[in-house]
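J.: One structure coming up, written as structure tokens, with questions to follow.
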Amino acid sequence: MEKNIYAYKCRRCGHVQYPYRTICRNCHENDHNEFDIVPLSKKGKLITFTHLFNPPSDFETVFLTLGIVELDDGNRVTCQLNIPKPKMGMKVTGKVEVVRKDEYNKYHGFVFYED
Amino acid sequence: MAIDLEKILRPIDTPLPEFPAKYMTLAGGEQLVIRQVTRDEIPDILPYVEPLMHVERDYYDVVAARVYSELLAYYNYRVQDEYVLAAQIEGELVAVVNGRIVNKDIGMSLHTLGLRRGLRVGAHTFAAKMEYHIDILGQKEVLIVAESPIGFRRWMIEYKLEKRFEIPHELGGCPSWALTKELFDKARKSLIVGTRPVPEALLAKAKAAILPPSDPPKQAADLLAATRSLYDSTGTILLSQRTKLGGK
Amino acid sequence: MREVYVAGIGITSFTRLEYPLVEIAAYPGLMAMKESGIKSIDQLYVANMGASKANHQTGLASAVVDHMSLTPAGAEAIENGPASGASAIKQGFLGVASGMYNTVMVIGAERMREVNNLEATDFVATLTHPLAEYIYGVTLPSLAGMFARLYMEKYGVTPRHFAMVAVKNHKHAMDNFYAHLHEEITLEGILDSKDSATNNPMVADPLRYYDMCPVSDGGACLILATAEIAKKTGKPMVRLAGIGQATDTHAVHDRKNPTDLLAVREAAKKSFAMAGVKPKDVHVAELHDAFTILEIVESEEVGFFEKGQGHIALQEGYTKLGGKLPINPSGGLKAKGHPVGATGVGQAHEIVLQLRGDAAKRQVKNAKIGFTCNFGGFGNNVVCLTFVKEN
């Protein structure tokens with residue numbers, strides 16, 4: 001079953017925000033937690049990236065490729081990149097996969113691939 | 001009689017090619033020269049290693065004590081096929097590295113000891129050692145262990161060393177890792193640093209004398225300083241150790 | 001509101017300190033009390049970020065106030081990430097300005113090297129957004145790397161400019177006894193020569209080893225008091241004239257414009273407005289260069305240079321000692337060190353030293369107005385201070 005990352009749509013004004021905030025950033029009028037969940041688009045454009053050569057200790061790889069992607073629906077996300085030669089502005093498609101594992105938990109997040 | 005006994009006790013050195021000296025520019029613009037030292041130069045190096053045996057942090061005491069014994073054994077002909085490389089800046093000793101040749105195909109990396117605080121020569125000297133084993137001596141692999149966590153990350157993880165856990169390394173019998181010729185060739189671009197040949201004047205200065213390190217790692221000056229504060233935050237254990245050893 | 005003056009200062013070396021955290025906090029406090037002759041205080045604020053995580057000590061301020069035998073003075077710890085120092089100074093200011101206290105001691109202290117390097121980086125990474133950033137393995141260097149790449153593309157800043165910041169700050173620190181790094185570096189050694197790839201390896205491209213500040217322990221102290229108490233110390237009168245704080249989105253990707261540091265802009269504006277001065281009136285500044293790119297960007301956002309011109313000013317030598325507007329005469333975070341909680345207070349310490357005329361070889365001539373920028377998180381919580389020398 002395909003997984004999604006969800007953004008939060010304000011029930012009063014319709015503004016979509018990601019990550020979660022308890023009050024709508026746009027209208028400030030909603031009731032605490034008054035949001036509908038909407039899945040984030042999986043397609044977007046790569047805004048910036050880096051190769052981190054000193055990743056945290058629970059990553060056993062030599063380096064980690066991280067990036068910020070601007071999605072087609074206007075939201076931006078931080079993500080891991082599975083792209084050997086990233087370029088600013090390149091079109092990318094994302095999948096929700098396991099991005100980090102510590103002793104007891106698996107964390108799911110966006111990994112983007114070249115289009 | 002004594003001479004005959006010495007003949008039995010002394011291992012016969014396998015003739016090995018010398019490490020061709022190389023030099024490189026450091027972050028501060030200074031020139032670092034890495035060259036092989038002969039047995040005769042060992043007594044010049046020993047007094048600079050000795051004080052580090054008493055610096056109780058970052059495993060300096062363990063590494064310095066082991067290096068001291070390895071250098072002394074090399075000088076007194078009691079170790080088989082050891083080599084010692086020294087890194088110098090303006091003649092001043094800033095690092096000592098050593099290793100051993102186990103057989104034609106396998107080398108045993110021993111230690112890397114930095115003698116100037118804050119100078120990052122570990123990467124340069126480790127690369128020089130590996131180059132000696134694989135390129136110059138033509139060996140197939142080098143067995144390595146790391147005494148410190150930073151060493152582990154930079155060598156074992158970064159160069160993807162192969163596990164040879166069934167072979168106990170000479171340093172304390174710990175499970176060994178290996179840098180093979182294939183891994184070395186893959187990492188060649190980042191691993192081989194420095195230039196040859198060393199300009200004559202620079203090499204002559206390095207060979208003329210091995211000068212004392214100007215800023216070596218030192219023990220903490222104050223009696224109240226604690227090395228592992230989680231367990232001894234008031235320095236009491238350190239204080240009582242010093243009193244026992246006859247210090248203040 | 002009453003006017004608030006700096007009555008005493010103290011600092012430890014920023015380096016690897018093998019003393020317990022409470023000692024690192026107490027020492028600069030004692031130095032400040034000694035130099036000012038002040039024997040008792042009304043309130044103590046301790047700025048610190050990692051005591052509960054890395055040093056296993058909560059309630060740090062209570063521990064320090066007793067360690068220094070200053071009880072029954074009130075004491076509180078202030079945690080605002082890397083901006084803890086300036087935030088604590090802000091609290092101290094409010095205490096004296098409101099009339100509630102007459103003498104407030106502000107100490108910043110951090111002992112990051114109690115844990116190993118990987119744990120220290122991880123504890124700083126905990127200030128990122130837990131769901132949108134932390135789970136991806138994002139650490140502060142990676143955020144700086146992504147930001148630097150954007151800045152390079154938009155404004156033409158190059159790795160050479162980053163290296164220039166590092167070389168400048170290292171040079172300044174050579175004259176600073178308390179600095180962590182006393183290492184003169186050259187552009188040749190860290191960028192030009194073929195050995196630079198080993199001397200200066202990539203950490204989060206385009207940022208390299210010499211673009212990142214070291215992991216340091218250290219402490220610094222400022223005693224804030226009323227005008228009469230400050231006058232009694234006999235030292236030149238330095239007034240804390242302006243404070244500004246502003247925040248921005250938690251997740252870096254959420255910023256309105258990915259190359260703007262709006263929190264810096266806003267906080268600096270507020271600080272200058274309160275002090276009644278303009279950016280061009282500033283004689284000396286300490287900016288938060290945890291990553292070399294940040295010194296360039298902050299110098300633009302606070303108003304010293306036009307946006308996109310900071311690297312040109314750096315190139316022309318404006319910002320080194322002897323230039324038109326020396327930035328980070330102490331060596332900045334890059335060379336002086338970055339004990340997270342103590343940094344803000346350390347920056348203030350340097351500015352006060354400059355305005356008093358006590359900075360010896362690092363002295364900026366006739367410095368009368370000084371400015372600090374303490375950058376929390378990755379630009380989501382910034383506190384700026386303006387100090388003015390009075391006759």
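By order of appearance in the structure tokens: chains A, B, ..., then residues from 1 within every chain, and ligands from 1 in the order shown.
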Please produce, as CSV, a per-residue contact table for chain A versus chain B (criterion: any atom at most 10 Å away, only C-alpha atoms considered), showing the nearest atom pair and its distance in Å to one decimal, sorted by chain then residue number.
T.:
```
residue,atom,partner,partner_atom,distance
A:Phe53,CA,B:Glu158,CA,9.3
A:Asn54,CA,B:Arg153,CA,9.3
A:Ser57,CA,B:Arg153,CA,9.3
A:Glu60,CA,B:Ile157,CA,7.3
A:Thr61,CA,B:Ile157,CA,7.3
A:Val62,CA,B:Glu158,CA,5.4
A:Phe63,CA,B:Glu158,CA,8.8
```
J.: Can I get the selection written as a PDB file, in the first residue's frame, with C-alpha atoms?
T.:
```pdb
ATOM      1  CA  PHE A  53      29.715  13.593   5.220  1.00  0.00           C
ATOM      2  CA  ASN A  54      29.328  13.385   8.967  1.00  0.00           C
ATOM      3  CA  SER A  57      25.833   7.880  14.318  1.00  0.00           C
ATOM      4  CA  GLU A  60      26.131   3.635   8.636  1.00  0.00           C
ATOM      5  CA  THR A  61      26.747   5.214   5.239  1.00  0.00           C
ATOM      6  CA  VAL A  62      29.696   7.409   4.380  1.00  0.00           C
ATOM      7  CA  PHE A  63      27.464  10.323   3.432  1.00  0.00           C
TER       8      PHE A  63
END
```
J.: Which neighbours of Val96 of chain A fall inside 12 Å, counting only C-alpha atoms, when residues of the same chain fewer than 6 positions from it are skipped, and could you give them as a list of chain:residue names?
T.: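 So the residues in contact are A:Met1, A:Glu2, A:Lys3, A:Asn4, A:Ile5, A:Tyr6, A:Pro39, A:Leu40, A:Ser41, A:Lys42, A:Cys79, A:Gln80, A:Leu81, A:Tyr107, A:His108, A:Gly109, A:Phe110, A:Val111, A:Phe112, A:Tyr113, C:Tyr136.
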J.: Convert the current residue selection to file output with N, CA and C atoms, as a PDB file, in the first residue's frame.
T.:
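Writing done, so here's result21.pdb:
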```
ATOM      1  N   MET A   1       0.860  -1.188   0.000  1.00  0.00           N
ATOM      2  CA  MET A   1       0.000   0.000   0.000  1.00  0.00           C
ATOM      3  C   MET A   1       0.888   1.228   0.000  1.00  0.00           C
ATOM      4  N   GLU A   2       0.601   2.145  -0.896  1.00  0.00           N
ATOM      5  CA  GLU A   2       1.466   3.324  -1.002  1.00  0.00           C
ATOM      6  C   GLU A   2       1.268   4.231   0.207  1.00  0.00           C
ATOM      7  N   LYS A   3       2.403   4.705   0.741  1.00  0.00           N
ATOM      8  CA  LYS A   3       2.298   5.576   1.906  1.00  0.00           C
ATOM      9  C   LYS A   3       2.324   7.033   1.476  1.00  0.00           C
ATOM     10  N   ASN A   4       1.796   7.894   2.346  1.00  0.00           N
ATOM     11  CA  ASN A   4       1.773   9.329   2.065  1.00  0.00           C
ATOM     12  C   ASN A   4       2.282  10.116   3.252  1.00  0.00           C
ATOM     13  N   ILE A   5       2.757  11.344   2.971  1.00  0.00           N
ATOM     14  CA  ILE A   5       3.023  12.287   4.049  1.00  0.00           C
ATOM     15  C   ILE A   5       1.877  13.279   3.981  1.00  0.00           C
ATOM     16  N   TYR A   6       1.325  13.629   5.122  1.00  0.00           N
ATOM     17  CA  TYR A   6       0.124  14.456   5.109  1.00  0.00           C
ATOM     18  C   TYR A   6       0.383  15.890   5.491  1.00  0.00           C
ATOM     19  N   PRO A  39      -3.066  14.475   1.511  1.00  0.00           N
ATOM     20  CA  PRO A  39      -1.733  13.936   1.216  1.00  0.00           C
ATOM     21  C   PRO A  39      -0.925  14.962   0.414  1.00  0.00           C
ATOM     22  N   LEU A  40       0.373  15.043   0.700  1.00  0.00           N
ATOM     23  CA  LEU A  40       1.244  15.946  -0.039  1.00  0.00           C
ATOM     24  C   LEU A  40       1.477  15.375  -1.429  1.00  0.00           C
ATOM     25  N   SER A  41       1.594  16.266  -2.398  1.00  0.00           N
ATOM     26  CA  SER A  41       1.921  15.849  -3.758  1.00  0.00           C
ATOM     27  C   SER A  41       3.272  15.152  -3.749  1.00  0.00           C
ATOM     28  N   LYS A  42       3.455  14.200  -4.704  1.00  0.00           N
ATOM     29  CA  LYS A  42       4.732  13.488  -4.698  1.00  0.00           C
ATOM     30  C   LYS A  42       5.674  13.990  -5.778  1.00  0.00           C
ATOM     31  N   CYS A  79      14.004  16.457   2.690  1.00  0.00           N
ATOM     32  CA  CYS A  79      13.917  15.040   2.361  1.00  0.00           C
ATOM     33  C   CYS A  79      15.291  14.461   2.121  1.00  0.00           C
ATOM     34  N   GLN A  80      15.340  13.116   1.993  1.00  0.00           N
ATOM     35  CA  GLN A  80      16.570  12.473   1.555  1.00  0.00           C
ATOM     36  C   GLN A  80      16.487  12.329   0.043  1.00  0.00           C
ATOM     37  N   LEU A  81      17.621  12.315  -0.632  1.00  0.00           N
ATOM     38  CA  LEU A  81      17.624  12.184  -2.083  1.00  0.00           C
ATOM     39  C   LEU A  81      18.334  10.906  -2.462  1.00  0.00           C
ATOM     40  N   TYR A 107      11.524   5.170  11.135  1.00  0.00           N
ATOM     41  CA  TYR A 107      10.874   6.444  10.825  1.00  0.00           C
ATOM     42  C   TYR A 107      10.680   6.553   9.327  1.00  0.00           C
ATOM     43  N   HIS A 108       9.442   6.893   8.927  1.00  0.00           N
ATOM     44  CA  HIS A 108       9.148   7.016   7.501  1.00  0.00           C
ATOM     45  C   HIS A 108       9.179   8.457   7.064  1.00  0.00           C
ATOM     46  N   GLY A 109       9.712   8.671   5.852  1.00  0.00           N
ATOM     47  CA  GLY A 109       9.744  10.039   5.331  1.00  0.00           C
ATOM     48  C   GLY A 109       9.912   9.994   3.830  1.00  0.00           C
ATOM     49  N   PHE A 110      10.061  11.175   3.237  1.00  0.00           N
ATOM     50  CA  PHE A 110      10.166  11.305   1.793  1.00  0.00           C
ATOM     51  C   PHE A 110      11.565  11.002   1.294  1.00  0.00           C
ATOM     52  N   VAL A 111      11.647  10.169   0.243  1.00  0.00           N
ATOM     53  CA  VAL A 111      12.917  10.028  -0.481  1.00  0.00           C
ATOM     54  C   VAL A 111      12.598  10.391  -1.915  1.00  0.00           C
ATOM     55  N   PHE A 112      13.364  11.303  -2.506  1.00  0.00           N
ATOM     56  CA  PHE A 112      13.072  11.739  -3.857  1.00  0.00           C
ATOM     57  C   PHE A 112      14.038  11.143  -4.860  1.00  0.00           C
ATOM     58  N   TYR A 113      13.483  10.805  -6.042  1.00  0.00           N
ATOM     59  CA  TYR A 113      14.263  10.230  -7.131  1.00  0.00           C
ATOM     60  C   TYR A 113      14.191  11.162  -8.319  1.00  0.00           C
TER      61      TYR A 113
ATOM     62  N   TYR C 136      15.144  12.744   8.973  1.00  0.00           N
ATOM     63  CA  TYR C 136      15.917  12.515   7.757  1.00  0.00           C
ATOM     64  C   TYR C 136      17.417  12.466   8.038  1.00  0.00           C
TER      65      TYR C 136
END
```
J.: Need to verify the contact set: segment 108-119 of chain B, 6 Å, only C-alpha atoms, exclusion of same-chain residues closer than 3 positions in sequence. Can you return it as a PyMOL selection string?
T.: chain B and resi 94-100+142-144+215-217
J.: For the residues selected in the previous step, produce a file with C-alpha atoms as a JSON list (two decimals), in the first residue's frame.
T.:
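The result, stored in out.json:
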```
[["chain", "number", "residue", "atom", "x", "y", "z"],
["B", 94, "VAL", "CA", 54.82, 16.34, 14.58],
["B", 95, "ALA", "CA", 53.82, 12.69, 14.09],
["B", 96, "VAL", "CA", 55.27, 9.19, 14.30],
["B", 97, "VAL", "CA", 53.68, 6.23, 12.54],
["B", 98, "ASN", "CA", 54.80, 2.63, 12.45],
["B", 99, "GLY", "CA", 53.83, -0.77, 11.16],
["B", 100, "ARG", "CA", 55.14, -4.25, 10.52],
["B", 142, "VAL", "CA", 47.02, -4.33, 5.49],
["B", 143, "LEU", "CA", 45.46, -5.32, 8.83],
["B", 144, "ILE", "CA", 44.17, -2.41, 10.89],
["B", 215, "ASP", "CA", 53.32, 22.28, 21.32],
["B", 216, "PRO", "CA", 52.75, 18.67, 22.42],
["B", 217, "PRO", "CA", 49.56, 17.42, 24.10]]
```
J.: Residues of chain C within 12 Å of chain A, counting only C-alpha atoms, what are they? List them as JSON, numbers by chain.
T.: {"C": [116, 117, 118, 119, 120, 121, 122, 123, 124, 125, 126, 128, 129, 130, 131, 132, 133, 134, 135, 136, 137, 138, 139, 140, 141, 142, 143, 144, 145, 146, 147, 148, 149, 150, 151, 152, 153, 154, 201, 202, 203, 204, 205, 206, 207, 208, 209, 249, 250, 251, 252, 253, 254, 255, 256, 257, 258, 259]}
J.: So that I can check the surroundings of segment 191-198 of chain C, please list as JSON, numbers by chain every protein, DNA and RNA residue that reaches within 12 Å of it, counting only C-alpha atoms and ignoring chain neighbours fewer than 2 positions away.
T.: {"B": [23, 24, 25, 26, 27, 28, 29, 30, 31, 32, 120, 121, 122, 123, 124, 125, 126, 127, 189, 190, 191, 192, 193, 194, 195], "C": [158, 159, 160, 161, 162, 163, 164, 166, 167, 185, 186, 187, 188, 189, 200, 201, 202, 203, 207, 208, 209, 210, 211]}
J.: Given the selection you just returned, output its residues as a file containing C-alpha atoms, formatted as an mmCIF file, in the first residue's frame.
T.:
```
data_model
loop_
_atom_site.group_PDB
_atom_site.id
_atom_site.type_symbol
_atom_site.label_atom_id
_atom_site.label_comp_id
_atom_site.auth_asym_id
_atom_site.auth_seq_id
_atom_site.Cartn_x
_atom_site.Cartn_y
_atom_site.Cartn_z
ATOM 1 C CA TYR B 23 55.847 16.479 1.262
ATOM 2 C CA MET B 24 52.546 18.347 1.424
ATOM 3 C CA THR B 25 51.104 21.765 2.278
ATOM 4 C CA LEU B 26 49.032 22.030 5.443
ATOM 5 C CA ALA B 27 46.105 24.317 6.281
ATOM 6 C CA GLY B 28 48.446 26.953 7.696
ATOM 7 C CA GLY B 29 50.621 26.958 4.598
ATOM 8 C CA GLU B 30 53.509 25.047 6.231
ATOM 9 C CA GLN B 31 55.253 22.148 4.498
ATOM 10 C CA LEU B 32 54.989 18.725 6.073
ATOM 11 C CA ARG B 120 45.355 17.249 11.768
ATOM 12 C CA VAL B 121 48.089 15.057 10.386
ATOM 13 C CA GLY B 122 46.300 11.747 11.064
ATOM 14 C CA ALA B 123 44.807 11.641 7.580
ATOM 15 C CA HIS B 124 48.109 12.445 5.815
ATOM 16 C CA THR B 125 50.219 9.958 7.762
ATOM 17 C CA PHE B 126 47.680 7.122 7.611
ATOM 18 C CA ALA B 127 47.569 7.503 3.830
ATOM 19 C CA LYS B 189 42.348 9.667 -5.435
ATOM 20 C CA SER B 190 41.473 10.706 -1.904
ATOM 21 C CA LEU B 191 44.042 8.521 -0.163
ATOM 22 C CA ILE B 192 47.237 9.446 -1.973
ATOM 23 C CA VAL B 193 48.236 12.950 -0.931
ATOM 24 C CA GLY B 194 51.451 14.896 -1.195
ATOM 25 C CA THR B 195 54.137 15.308 -3.821
ATOM 26 C CA THR C 158 32.028 31.333 -3.814
ATOM 27 C CA PRO C 159 33.881 28.830 -1.610
ATOM 28 C CA ARG C 160 36.756 31.299 -1.729
ATOM 29 C CA HIS C 161 34.640 33.803 0.188
ATOM 30 C CA PHE C 162 33.837 31.202 2.834
ATOM 31 C CA ALA C 163 37.544 30.466 3.170
ATOM 32 C CA MET C 164 38.286 34.208 3.477
ATOM 33 C CA ALA C 166 37.777 31.543 8.134
ATOM 34 C CA VAL C 167 41.246 32.960 7.418
ATOM 35 C CA ILE C 185 45.478 29.240 8.219
ATOM 36 C CA THR C 186 46.078 30.383 4.682
ATOM 37 C CA LEU C 187 43.945 30.298 1.561
ATOM 38 C CA GLU C 188 46.697 28.222 -0.007
ATOM 39 C CA GLY C 189 46.539 25.589 2.678
ATOM 40 C CA ASN C 200 39.964 20.761 4.438
ATOM 41 C CA PRO C 201 37.619 17.861 3.632
ATOM 42 C CA MET C 202 34.020 18.376 2.580
ATOM 43 C CA VAL C 203 31.556 18.097 5.449
ATOM 44 C CA LEU C 207 30.840 23.715 3.216
ATOM 45 C CA ARG C 208 34.085 22.162 4.379
ATOM 46 C CA TYR C 209 35.875 21.427 7.635
ATOM 47 C CA TYR C 210 37.285 24.967 7.941
ATOM 48 C CA ASP C 211 33.849 26.482 7.354
#
```
J.: Using only C-alpha atoms, pick whichever of B:Ile136, B:Leu202, B:Ser148, B:Gly91 has the shortest atom-to-atom distance to chain C.
T.: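 Nearest to chain C: B:Ser148.
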J.: One decimal, Å: what's the distance from atom CA of Tyr60 of chain B over to atom CA of Glu147 of chain B, could you say?
T.: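 We find that atom CA of Tyr60 of chain B and atom CA of Glu147 of chain B lie 9.9 Å from each other.
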